[in-house]
$ cat entry.cif   # mmCIF, C-alpha atoms and all ligand atoms
data_data
#
loop_
_atom_site.label_atom_id
_atom_site.label_comp_id
_atom_site.auth_asym_id
_atom_site.auth_seq_id
_atom_site.Cartn_x
_atom_site.Cartn_y
_atom_site.Cartn_z
CA MET R 1 5.72 -24.54 15.17
CA THR R 2 5.03 -20.86 14.60
CA THR R 3 1.46 -19.66 14.82
CA LEU R 4 0.21 -17.01 12.45
CA LYS R 5 -2.65 -14.66 13.29
CA ASN R 6 -3.83 -15.05 9.72
CA ASP R 7 -2.80 -18.35 8.10
CA ARG R 8 -5.43 -18.48 5.32
CA TYR R 9 -2.81 -18.25 2.59
CA ILE R 10 -0.75 -21.20 3.91
CA ARG R 11 -3.89 -23.24 4.63
CA ALA R 12 -5.33 -22.66 1.14
CA LEU R 13 -2.04 -23.71 -0.49
CA LEU R 14 -2.21 -26.94 1.54
CA LYS R 15 -5.89 -27.37 0.56
CA GLN R 16 -7.05 -27.02 4.16
CA PRO R 17 -10.35 -25.32 5.15
CA VAL R 18 -10.39 -21.50 5.46
CA ASP R 19 -13.09 -18.98 6.45
CA ALA R 20 -12.58 -16.85 3.33
CA THR R 21 -10.42 -17.09 0.20
CA PRO R 22 -6.98 -15.55 0.83
CA VAL R 23 -5.73 -12.87 -1.56
CA TRP R 24 -2.48 -11.10 -2.42
CA MET R 25 -1.32 -9.35 -5.58
CA MET R 26 1.75 -10.04 -7.67
CA ARG R 27 3.93 -6.89 -7.51
CA GLN R 28 1.79 -5.61 -4.63
CA ALA R 29 4.67 -3.37 -3.56
CA GLY R 30 5.69 -1.00 -6.32
CA ARG R 31 5.21 2.04 -8.44
CA TYR R 32 1.39 2.23 -8.34
CA LEU R 33 1.83 3.29 -4.67
CA PRO R 34 2.97 6.90 -4.12
CA GLU R 35 4.58 5.89 -0.81
CA TYR R 36 6.77 3.38 -2.72
CA LYS R 37 7.86 6.04 -5.20
CA ALA R 38 8.79 8.31 -2.29
CA VAL R 39 11.03 5.63 -0.73
CA ARG R 40 12.65 4.81 -4.07
CA LYS R 41 13.33 8.48 -4.78
CA GLU R 42 14.91 8.94 -1.37
CA ALA R 43 17.04 5.79 -1.82
CA GLY R 44 18.13 6.75 -5.35
CA ASP R 45 16.98 3.73 -7.34
CA PHE R 46 15.28 0.34 -7.22
CA MET R 47 18.39 -1.72 -6.34
CA ALA R 48 19.21 0.70 -3.52
CA VAL R 49 15.84 -0.23 -1.99
CA CYS R 50 16.45 -3.97 -2.52
CA THR R 51 19.92 -3.90 -0.95
CA ASN R 52 18.83 -1.98 2.16
CA PRO R 53 16.96 -4.42 4.47
CA GLU R 54 15.15 -1.62 6.37
CA LEU R 55 13.88 -0.05 3.14
CA ALA R 56 13.03 -3.44 1.58
CA CYS R 57 11.03 -4.18 4.74
CA GLU R 58 9.30 -0.79 4.64
CA VAL R 59 8.10 -1.18 1.03
CA THR R 60 7.07 -4.82 1.65
CA LEU R 61 4.78 -3.60 4.44
CA GLN R 62 3.35 -0.59 2.57
CA PRO R 63 0.60 -2.46 0.68
CA LEU R 64 -0.35 -4.34 3.87
CA ARG R 65 -1.07 -1.03 5.61
CA ARG R 66 -3.50 -0.07 2.87
CA PHE R 67 -5.19 -3.40 2.07
CA LYS R 68 -6.30 -6.49 4.02
CA LEU R 69 -3.83 -8.71 2.18
CA ASP R 70 -3.38 -12.29 3.41
CA ALA R 71 0.35 -12.50 2.61
CA ALA R 72 3.44 -10.34 2.31
CA ILE R 73 6.00 -10.92 -0.44
CA LEU R 74 9.66 -10.19 0.00
CA PHE R 75 10.63 -7.01 -1.82
CA SER R 76 13.46 -8.02 -4.12
CA ASP R 77 13.88 -9.17 -7.70
CA ILE R 78 14.41 -12.44 -9.56
CA LEU R 79 17.61 -11.03 -11.10
CA THR R 80 19.53 -10.97 -7.78
CA ILE R 81 20.99 -14.45 -8.54
CA PRO R 82 22.54 -13.59 -11.92
CA ASP R 83 23.79 -10.34 -10.39
CA ALA R 84 25.44 -12.32 -7.57
CA MET R 85 26.96 -14.61 -10.22
CA GLY R 86 28.82 -11.57 -11.53
CA LEU R 87 26.72 -10.47 -14.53
CA GLY R 88 26.41 -6.85 -13.36
CA LEU R 89 22.70 -6.01 -13.09
CA TYR R 90 21.63 -2.43 -13.74
CA PHE R 91 18.41 -0.66 -14.59
CA GLU R 92 18.22 1.83 -17.45
CA ALA R 93 15.39 4.32 -16.90
CA GLY R 94 12.31 3.20 -18.84
CA GLU R 95 14.10 0.17 -20.32
CA GLY R 96 13.93 -2.39 -17.54
CA PRO R 97 16.77 -4.62 -16.34
CA LYS R 98 20.09 -5.03 -18.15
CA PHE R 99 23.31 -7.02 -17.64
CA LYS R 100 26.80 -5.62 -18.24
CA HIS R 101 28.24 -9.10 -18.88
CA PRO R 102 25.65 -11.33 -20.57
CA ILE R 103 26.39 -15.03 -21.15
CA LYS R 104 27.76 -15.65 -24.65
CA SER R 105 29.69 -18.92 -24.56
CA LEU R 106 30.36 -22.22 -22.83
CA ALA R 107 33.40 -20.62 -21.18
CA ASP R 108 31.13 -17.92 -19.66
CA VAL R 109 28.83 -20.63 -18.29
CA LYS R 110 31.70 -22.69 -16.85
CA LYS R 111 32.95 -19.64 -14.94
CA LEU R 112 29.66 -19.01 -13.12
CA PRO R 113 29.89 -19.50 -9.35
CA ASN R 114 27.09 -20.79 -7.08
CA PRO R 115 26.66 -17.66 -4.92
CA ASP R 116 26.63 -18.09 -1.15
CA PRO R 117 23.26 -16.68 -0.01
CA GLU R 118 24.73 -15.52 3.30
CA ILE R 119 27.58 -13.68 1.54
CA GLU R 120 26.78 -12.29 -1.93
CA LEU R 121 23.02 -12.35 -1.27
CA LYS R 122 23.14 -11.52 2.41
CA TYR R 123 21.14 -8.34 1.76
CA VAL R 124 18.20 -10.52 0.65
CA MET R 125 18.46 -12.80 3.71
CA ASP R 126 18.70 -9.75 5.98
CA ALA R 127 15.57 -8.34 4.31
CA VAL R 128 13.74 -11.65 4.93
CA ARG R 129 14.77 -11.62 8.62
CA THR R 130 13.82 -7.95 9.05
CA ILE R 131 10.43 -8.41 7.38
CA ARG R 132 9.61 -11.53 9.43
CA LYS R 133 10.41 -9.66 12.62
CA ASN R 134 8.28 -6.67 11.63
CA LEU R 135 5.32 -8.76 10.46
CA LYS R 136 5.05 -10.05 14.05
CA GLY R 137 3.18 -13.16 12.94
CA SER R 138 0.35 -11.20 11.30
CA VAL R 139 0.49 -12.84 7.83
CA PRO R 140 2.95 -15.23 6.17
CA LEU R 141 5.97 -14.05 4.20
CA ILE R 142 6.44 -15.34 0.65
CA GLY R 143 9.97 -15.81 -0.67
CA PHE R 144 10.65 -16.23 -4.38
CA SER R 145 13.02 -16.72 -7.25
CA GLY R 146 12.86 -16.88 -11.03
CA SER R 147 12.83 -20.22 -12.85
CA PRO R 148 16.13 -21.25 -14.44
CA TRP R 149 14.71 -20.75 -17.97
CA THR R 150 13.35 -17.28 -17.15
CA LEU R 151 16.60 -16.22 -15.47
CA ALA R 152 18.58 -17.62 -18.41
CA THR R 153 16.56 -15.47 -20.86
CA TYR R 154 17.79 -12.32 -19.09
CA MET R 155 21.32 -13.72 -18.66
CA ILE R 156 21.71 -14.55 -22.36
CA GLU R 157 19.64 -11.78 -23.99
CA GLY R 158 21.31 -9.22 -21.68
CA GLY R 159 17.94 -7.83 -20.59
CA SER R 160 14.25 -8.00 -21.45
CA SER R 161 13.39 -9.50 -24.81
CA LYS R 162 10.43 -9.96 -27.13
CA ALA R 163 11.67 -12.63 -29.54
CA PHE R 164 14.27 -14.44 -27.39
CA THR R 165 16.51 -14.95 -30.43
CA LYS R 166 19.80 -15.37 -28.55
CA ILE R 167 18.62 -17.94 -26.04
CA LYS R 168 16.69 -19.85 -28.70
CA LYS R 169 19.76 -19.87 -30.90
CA MET R 170 21.70 -21.40 -28.01
CA ALA R 171 18.87 -23.88 -27.32
CA PHE R 172 19.05 -25.27 -30.83
CA ALA R 173 22.64 -24.65 -31.96
CA GLU R 174 24.39 -25.41 -28.66
CA PRO R 175 21.89 -27.20 -26.38
CA GLN R 176 24.57 -28.66 -24.08
CA THR R 177 25.76 -25.13 -23.19
CA LEU R 178 22.23 -24.05 -22.30
CA HIS R 179 21.61 -27.22 -20.27
CA LEU R 180 24.77 -26.62 -18.27
CA LEU R 181 23.64 -23.04 -17.60
CA LEU R 182 20.12 -24.12 -16.58
CA ASP R 183 21.51 -26.82 -14.30
CA LYS R 184 23.89 -24.39 -12.57
CA VAL R 185 21.12 -21.80 -12.15
CA ALA R 186 18.80 -24.51 -10.75
CA ASP R 187 21.44 -25.39 -8.14
CA SER R 188 21.79 -21.72 -7.20
CA VAL R 189 18.01 -21.33 -6.95
CA ILE R 190 17.81 -24.32 -4.59
CA THR R 191 20.55 -22.89 -2.35
CA TYR R 192 18.99 -19.42 -2.47
CA LEU R 193 15.40 -20.49 -1.72
CA ASN R 194 16.45 -22.85 1.06
CA ALA R 195 18.39 -19.95 2.60
CA GLN R 196 15.28 -17.72 2.31
CA ILE R 197 13.30 -20.45 4.10
CA ALA R 198 15.94 -20.72 6.86
CA ALA R 199 15.86 -16.90 7.17
CA GLY R 200 12.07 -16.89 7.58
CA ALA R 201 10.20 -17.24 4.26
CA GLN R 202 7.09 -19.34 5.02
CA SER R 203 6.23 -20.25 1.45
CA VAL R 204 8.11 -19.87 -1.84
CA MET R 205 7.05 -19.09 -5.37
CA ILE R 206 8.97 -19.66 -8.61
CA PHE R 207 8.25 -17.18 -11.40
CA ASP R 208 8.55 -18.74 -14.84
CA THR R 209 7.52 -15.62 -16.70
CA TRP R 210 8.88 -16.80 -20.06
CA GLY R 211 8.28 -20.58 -20.10
CA GLY R 212 5.25 -19.93 -22.29
CA VAL R 213 7.38 -18.90 -25.29
CA LEU R 214 8.55 -22.51 -25.75
CA SER R 215 6.97 -25.38 -27.68
CA PRO R 216 5.38 -28.07 -25.48
CA ARG R 217 8.39 -30.39 -25.88
CA ASP R 218 10.96 -27.66 -25.35
CA TYR R 219 9.04 -26.35 -22.33
CA LYS R 220 9.54 -29.73 -20.64
CA LEU R 221 13.17 -29.93 -21.70
CA PHE R 222 14.35 -26.39 -20.94
CA SER R 223 11.99 -25.09 -18.27
CA LEU R 224 9.90 -27.69 -16.47
CA GLN R 225 12.71 -30.21 -15.98
CA TYR R 226 14.72 -27.65 -14.01
CA MET R 227 11.77 -26.47 -11.93
CA GLU R 228 11.16 -30.13 -11.07
CA LYS R 229 14.78 -30.40 -9.91
CA ILE R 230 14.26 -27.32 -7.72
CA VAL R 231 11.01 -28.64 -6.19
CA ALA R 232 12.84 -31.88 -5.30
CA GLY R 233 15.67 -29.94 -3.64
CA LEU R 234 13.63 -27.53 -1.54
CA THR R 235 13.08 -27.64 2.22
CA ARG R 236 9.40 -28.57 2.39
CA GLU R 237 9.03 -28.44 6.15
CA TYR R 238 10.85 -26.03 8.45
CA GLU R 239 10.66 -26.01 12.25
CA GLY R 240 7.48 -28.08 12.17
CA ASN R 241 5.70 -25.96 9.53
CA LYS R 242 5.01 -27.04 5.95
CA VAL R 243 6.57 -24.66 3.41
CA PRO R 244 4.30 -24.70 0.35
CA VAL R 245 5.80 -24.23 -3.13
CA THR R 246 3.96 -22.46 -5.97
CA LEU R 247 5.05 -22.68 -9.62
CA PHE R 248 3.86 -20.00 -12.02
CA THR R 249 4.43 -20.38 -15.74
CA LYS R 250 2.90 -17.43 -17.54
CA ASN R 251 1.04 -18.71 -20.62
CA GLY R 252 1.43 -22.24 -19.25
CA GLY R 253 -2.29 -23.10 -19.24
CA MET R 254 -1.76 -25.88 -21.79
CA TRP R 255 0.64 -27.71 -19.46
CA LEU R 256 -1.07 -27.70 -16.07
CA GLU R 257 -0.99 -31.50 -15.71
CA SER R 258 2.78 -31.66 -16.24
CA ILE R 259 3.43 -28.72 -13.92
CA ALA R 260 1.25 -30.31 -11.20
CA ALA R 261 3.23 -33.55 -11.62
CA THR R 262 6.46 -31.85 -10.42
CA GLY R 263 5.34 -32.32 -6.82
CA CYS R 264 4.71 -28.62 -6.13
CA ASP R 265 1.81 -27.61 -3.85
CA ALA R 266 0.19 -24.98 -6.05
CA LEU R 267 0.05 -23.60 -9.58
CA GLY R 268 -0.11 -19.91 -10.38
CA LEU R 269 -2.53 -19.22 -13.23
CA ASP R 270 -2.56 -16.28 -15.61
CA TRP R 271 -5.92 -15.01 -16.90
CA THR R 272 -5.86 -16.85 -20.24
CA ILE R 273 -7.30 -19.99 -18.63
CA ASP R 274 -10.72 -20.45 -17.02
CA ILE R 275 -10.13 -21.36 -13.38
CA ALA R 276 -13.04 -23.86 -13.51
CA ASP R 277 -11.23 -25.76 -16.30
CA ALA R 278 -7.96 -25.61 -14.38
CA LYS R 279 -9.67 -26.98 -11.27
CA ALA R 280 -11.27 -29.82 -13.25
CA ARG R 281 -7.89 -30.74 -14.72
CA VAL R 282 -5.55 -30.53 -11.69
CA GLY R 283 -7.63 -29.41 -8.69
CA ASP R 284 -7.40 -32.81 -7.03
CA LYS R 285 -3.58 -32.62 -7.00
CA VAL R 286 -2.66 -28.99 -6.34
CA ALA R 287 -4.02 -25.70 -5.07
CA LEU R 288 -4.57 -22.92 -7.61
CA GLN R 289 -3.52 -19.29 -7.40
CA GLY R 290 -5.09 -16.66 -9.61
CA ASN R 291 -6.32 -15.43 -11.92
CA MET R 292 -7.91 -12.04 -12.62
CA ASP R 293 -6.58 -10.07 -15.57
CA PRO R 294 -4.64 -7.21 -13.89
CA SER R 295 -6.21 -4.80 -16.41
CA VAL R 296 -9.61 -5.32 -14.74
CA LEU R 297 -8.24 -3.02 -12.01
CA TYR R 298 -8.73 -0.12 -14.46
CA ALA R 299 -12.49 -0.78 -14.36
CA SER R 300 -15.21 0.57 -12.05
CA LYS R 301 -15.69 -0.80 -8.53
CA GLU R 302 -18.79 -2.66 -9.74
CA ARG R 303 -16.96 -4.29 -12.65
CA ILE R 304 -14.05 -5.32 -10.39
CA GLU R 305 -16.49 -6.86 -7.90
CA GLN R 306 -18.31 -8.70 -10.68
CA GLU R 307 -15.08 -10.16 -12.04
CA VAL R 308 -14.07 -11.33 -8.55
CA GLN R 309 -17.48 -12.99 -8.09
CA ASP R 310 -17.20 -14.73 -11.47
CA ILE R 311 -13.76 -16.16 -10.67
CA LEU R 312 -14.91 -17.27 -7.19
CA ALA R 313 -17.93 -18.96 -8.76
CA GLY R 314 -15.65 -20.60 -11.35
CA PHE R 315 -13.56 -22.17 -8.59
CA GLY R 316 -16.73 -22.87 -6.62
CA ALA R 317 -16.95 -24.56 -3.24
CA GLY R 318 -13.99 -26.41 -1.80
CA GLU R 319 -10.48 -25.70 -0.64
CA GLY R 320 -7.31 -24.85 -2.49
CA HIS R 321 -7.81 -21.38 -3.97
CA VAL R 322 -5.55 -18.38 -3.37
CA PHE R 323 -6.94 -15.36 -5.18
CA ASN R 324 -4.45 -13.24 -7.13
CA LEU R 325 -4.01 -11.33 -10.34
CA GLY R 326 -2.88 -13.35 -13.34
CA HIS R 327 0.31 -11.25 -13.49
CA GLY R 328 1.76 -8.15 -11.82
CA ILE R 329 -0.38 -5.13 -11.01
CA HIS R 330 0.03 -2.34 -13.58
CA LEU R 331 1.91 0.73 -12.40
CA ASP R 332 -0.86 3.22 -13.30
CA VAL R 333 -3.71 1.46 -11.46
CA PRO R 334 -5.45 3.67 -8.87
CA PRO R 335 -4.55 2.17 -5.45
CA GLU R 336 -8.17 2.34 -4.26
CA ASN R 337 -9.15 -0.10 -7.02
CA ALA R 338 -6.72 -2.65 -5.56
CA GLY R 339 -8.58 -2.15 -2.26
CA TYR R 340 -11.97 -2.87 -3.90
CA PHE R 341 -10.45 -6.05 -5.35
CA VAL R 342 -9.05 -7.34 -2.03
CA ASP R 343 -12.23 -6.53 -0.09
CA ALA R 344 -14.44 -8.15 -2.74
CA VAL R 345 -12.47 -11.43 -2.52
CA HIS R 346 -13.07 -11.64 1.23
CA LYS R 347 -16.68 -10.49 1.08
CA TYR R 348 -17.90 -12.72 -1.73
CA SER R 349 -15.84 -15.83 -0.92
CA LYS R 350 -17.31 -16.53 2.54
CA GLN R 351 -20.28 -18.35 0.98
CA TYR R 352 -17.92 -20.94 -0.53
CA HIS R 353 -16.30 -21.82 2.81
CA LYS R 354 -18.89 -23.22 5.21
O1 LIG P 1 5.60 -8.90 -6.09
C1 LIG P 1 6.21 -8.09 -5.36
O2 LIG P 1 5.67 -7.07 -4.89
C2 LIG P 1 7.64 -8.43 -4.93
C3 LIG P 1 8.69 -7.87 -5.67
C4 LIG P 1 9.05 -8.33 -7.08
C5 LIG P 1 9.70 -7.46 -7.98
N1 LIG P 1 10.06 -8.17 -9.09
C6 LIG P 1 9.96 -6.05 -7.72
C7 LIG P 1 10.30 -5.18 -8.85
C8 LIG P 1 8.94 -9.57 -7.70
C9 LIG P 1 8.28 -10.85 -7.21
C10 LIG P 1 9.61 -9.46 -8.97
C11 LIG P 1 9.77 -10.58 -9.91
C12 LIG P 1 10.27 -10.33 -11.26
N2 LIG P 1 11.24 -9.46 -11.68
C13 LIG P 1 9.86 -11.08 -12.39
C14 LIG P 1 8.90 -12.24 -12.36
C15 LIG P 1 7.50 -11.82 -12.22
C16 LIG P 1 6.92 -11.15 -13.41
O3 LIG P 1 6.57 -9.96 -13.27
O4 LIG P 1 6.77 -11.80 -14.44
C17 LIG P 1 10.57 -10.60 -13.50
C18 LIG P 1 10.43 -11.07 -14.92
C19 LIG P 1 11.44 -9.58 -13.04
C20 LIG P 1 12.46 -8.82 -13.83
C21 LIG P 1 12.22 -7.39 -13.72
N3 LIG P 1 12.48 -6.63 -12.61
C22 LIG P 1 11.70 -6.54 -14.71
C23 LIG P 1 11.26 -6.99 -16.09
C24 LIG P 1 11.66 -5.26 -14.15
C25 LIG P 1 11.29 -3.97 -14.82
C26 LIG P 1 9.83 -3.79 -14.74
C27 LIG P 1 9.44 -2.39 -15.07
O5 LIG P 1 8.23 -2.21 -15.12
O6 LIG P 1 10.30 -1.50 -15.24
C28 LIG P 1 12.11 -5.33 -12.82
C29 LIG P 1 12.19 -4.25 -11.85
C30 LIG P 1 11.27 -4.34 -10.68
N4 LIG P 1 11.17 -5.44 -9.88
C31 LIG P 1 10.44 -3.32 -10.16
C32 LIG P 1 9.84 -3.83 -9.00
C33 LIG P 1 8.92 -3.12 -8.05
C34 LIG P 1 10.29 -1.92 -10.72
C35 LIG P 1 11.50 -1.16 -10.29
C36 LIG P 1 11.23 0.30 -10.10
O7 LIG P 1 11.38 1.03 -11.07
O8 LIG P 1 10.90 0.70 -8.96
#
$ encode --input "entry.cif" --output "structure tokens"
Amino acid sequence: MTTLKNDRYIRALLKQPVDATPVWMMRQAGRYLPEYKAVRKEAGDFMAVCTNPELACEVTLQPLRRFKLDAAILFSDILTIPDAMGLGLYFEAGEGPKFKHPIKSLADVKKLPNPDPEIELKYVMDAVRTIRKNLKGSVPLIGFSGSPWTLATYMIEGGSSKAFTKIKKMAFAEPQTLHLLLDKVADSVITYLNAQIAAGAQSVMIFDTWGGVLSPRDYKLFSLQYMEKIVAGLTREYEGNKVPVTLFTKNGGMWLESIAATGCDALGLDWTIDIADAKARVGDKVALQGNMDPSVLYASKERIEQEVQDILAGFGAGEGHVFNLGHGIHLDVPPENAGYFVDAVHKYSKQYHK
């Protein structure tokens, strides 16, 4: 068993009592912090930071020096797996991620290897080990990956997309090709996340950023089914410690019951659902993570504090809440506003934990 100085985040995910509601922010390390931009500039680009364990560790710790966050998240990206499969990830300035060799056919899918996390993705495992060592047991480290569906959108579209025409064409014209791809990616995610856990990740989160673009039936078929396979294949206890699993489908508020039924420990919520409704629907089965609209961080200190109080009141008394934003922090948010947010969660949540 490892003991953490601050284990609120792990305890809340396991629905155990805490003294205050834990909080972290999706994309808490990144371009809204001038110290991150300085490291990235020095390194050259984003992937140069990800592939250098010392730099990945440094930027992971940056937000924890500024704010009283209850968890650290590995600095990396969900697209490391497709890159390791040979798709050739690169970032075009201002355009987001792109792949040199997107998936176009069944033959492309059949060729995809299951990357060895300690070879092709060793830089990620080294980052996990370096971060764990440097955290010195202060707060837990979150590992992560993308969901197979979300990774497949980038692998087939060749980058970010708005309409998802290529992957949807494959889903309906050639479903067996897409299923083979999703199954192979799910296997790689299992291997990758279990390796992160063995390297020191104390909890893992699966980002299904694009599951919400599917119909309810197709969501189950193309996204949820594969996340369920992953949950079943993950190491859930490591060296005597439970390793909680959080699933986050953006725009998945309609499907909370089915997501909770996968056997995960917690659901990530975006801001389009009222956390009180979510708790009434699935709060007896899973913990909930969320769910302030990240745009609230543009508001005044008073407005931020009010929003935090409203969400805390919505969840109410009882265990099983990890406070977070409903999606990543925007890159032009003033860092001090993130500080008001984090402090407000701790200050106003104590009354709900007696
Ligand atoms: O949360 C954290 O602080 C940990 C790091 C993290 C990053 N990406 C760093 C990053 C995490 C958890 C991710 C996940 C990720 N990456 C997702 C799922 C979560 C979500 O936001 O929905 C997705 C869809 C991606 C794919 C991706 N990576 C995109 C679309 C982009 C471009 C974004 C942009 O604004 O240009 C990235 C690059 C990326 N990943 C950056 C960071 C800090 C920005 C890179 C930079 O320019 O410094």
$ residues_near_ligand --input "entry.cif" --ligand "ligand LIG 1 (chain P)" --cutoff "6 Å" --atoms "all atoms listed in the file" --output "count of residues only"
18
$ residues_around --input "entry.cif" --residues "Leu312 in chain R" --least-positions-apart "3" --cutoff "10 Å" --atoms "all atoms listed in the file" --output "PyMOL selection string"
chain R and resi 21+275-276+291+306-309+315-317+321+323+345+348-349+351-352
$ atom_distance --input "entry.cif" --atom1 "CA of Arg236 in chain R" --atom2 "CA of Gly212 in chain R"
26.5 Å
$ atom_distance --input "entry.cif" --atom1 "CA of Phe67 in chain R" --atom2 "CA of Asn194 in chain R"
29.1 Å
$ atom_distance --input "entry.cif" --atom1 "CA of Pro148 in chain R" --atom2 "CA of Lys15 in chain R"
27.3 Å
$ residues_around --input "entry.cif" --residues "range 101-104 of chain R" --least-positions-apart "6" --cutoff "7 Å" --atoms "only C-alpha atoms" --output "MDAnalysis selection string"
chainID R and resid 87:88 155:158
$ closest_residue --input "entry.cif" --among "R:Asp126, R:Arg281, R:Gly211, R:Glu54" --to "Leu224 in chain R" --atoms "all atoms listed in the file"
R:Gly211
$ closest_residue --input "entry.cif" --among "R:Ser147, R:Ser203, R:Thr191, R:Thr130" --to "Asn114 in chain R" --atoms "only C-alpha atoms"
R:Thr191
$ closest_residue --input "entry.cif" --among "R:Lys229, R:Lys136, R:Arg129, R:Lys111" --to "Ala198 in chain R" --atoms "all atoms listed in the file"
R:Arg129
$ closest_residue --input "entry.cif" --among "R:Met125, R:Val49, R:Met292, R:Leu14" --to "Asp310 in chain R" --atoms "only C-alpha atoms"
R:Met292
$ decode --input "entry.cif" --residues "range 9-22 of chain R" --atoms "N, CA and C atoms" --output "PDB file, in the first residue's frame"
ATOM      1  N   TYR R   9      -8.911  12.817  -3.787  1.00  0.00           N
ATOM      2  CA  TYR R   9      -9.372  12.497  -5.141  1.00  0.00           C
ATOM      3  C   TYR R   9      -9.684  11.000  -5.269  1.00  0.00           C
ATOM      4  N   ILE R  10      -8.759  10.148  -4.793  1.00  0.00           N
ATOM      5  CA  ILE R  10      -8.979   8.696  -4.861  1.00  0.00           C
ATOM      6  C   ILE R  10     -10.178   8.311  -3.990  1.00  0.00           C
ATOM      7  N   ARG R  11     -10.243   8.878  -2.798  1.00  0.00           N
ATOM      8  CA  ARG R  11     -11.344   8.537  -1.882  1.00  0.00           C
ATOM      9  C   ARG R  11     -12.692   8.927  -2.482  1.00  0.00           C
ATOM     10  N   ALA R  12     -12.777  10.111  -3.072  1.00  0.00           N
ATOM     11  CA  ALA R  12     -14.052  10.559  -3.647  1.00  0.00           C
ATOM     12  C   ALA R  12     -14.466   9.645  -4.801  1.00  0.00           C
ATOM     13  N   LEU R  13     -13.498   9.213  -5.615  1.00  0.00           N
ATOM     14  CA  LEU R  13     -13.839   8.320  -6.736  1.00  0.00           C
ATOM     15  C   LEU R  13     -14.365   6.987  -6.223  1.00  0.00           C
ATOM     16  N   LEU R  14     -13.911   6.592  -5.018  1.00  0.00           N
ATOM     17  CA  LEU R  14     -14.365   5.322  -4.432  1.00  0.00           C
ATOM     18  C   LEU R  14     -15.561   5.546  -3.503  1.00  0.00           C
ATOM     19  N   LYS R  15     -16.096   6.769  -3.521  1.00  0.00           N
ATOM     20  CA  LYS R  15     -17.259   7.142  -2.701  1.00  0.00           C
ATOM     21  C   LYS R  15     -16.997   6.968  -1.203  1.00  0.00           C
ATOM     22  N   GLN R  16     -15.761   7.261  -0.813  1.00  0.00           N
ATOM     23  CA  GLN R  16     -15.413   7.238   0.613  1.00  0.00           C
ATOM     24  C   GLN R  16     -15.446   8.660   1.171  1.00  0.00           C
ATOM     25  N   PRO R  17     -15.612   8.818   2.503  1.00  0.00           N
ATOM     26  CA  PRO R  17     -15.695  10.154   3.097  1.00  0.00           C
ATOM     27  C   PRO R  17     -14.417  10.983   2.898  1.00  0.00           C
ATOM     28  N   VAL R  18     -14.599  12.278   2.686  1.00  0.00           N
ATOM     29  CA  VAL R  18     -13.478  13.227   2.533  1.00  0.00           C
ATOM     30  C   VAL R  18     -13.786  14.467   3.390  1.00  0.00           C
ATOM     31  N   ASP R  19     -12.766  15.285   3.653  1.00  0.00           N
ATOM     32  CA  ASP R  19     -12.992  16.500   4.451  1.00  0.00           C
ATOM     33  C   ASP R  19     -13.465  17.675   3.593  1.00  0.00           C
ATOM     34  N   ALA R  20     -13.120  17.640   2.303  1.00  0.00           N
ATOM     35  CA  ALA R  20     -13.555  18.669   1.366  1.00  0.00           C
ATOM     36  C   ALA R  20     -13.590  18.027  -0.018  1.00  0.00           C
ATOM     37  N   THR R  21     -14.369  18.598  -0.930  1.00  0.00           N
ATOM     38  CA  THR R  21     -14.484  18.029  -2.272  1.00  0.00           C
ATOM     39  C   THR R  21     -13.179  18.239  -3.036  1.00  0.00           C
ATOM     40  N   PRO R  22     -12.592  17.157  -3.570  1.00  0.00           N
ATOM     41  CA  PRO R  22     -11.356  17.310  -4.346  1.00  0.00           C
ATOM     42  C   PRO R  22     -11.622  18.000  -5.688  1.00  0.00           C
TER      43      PRO R  22
END
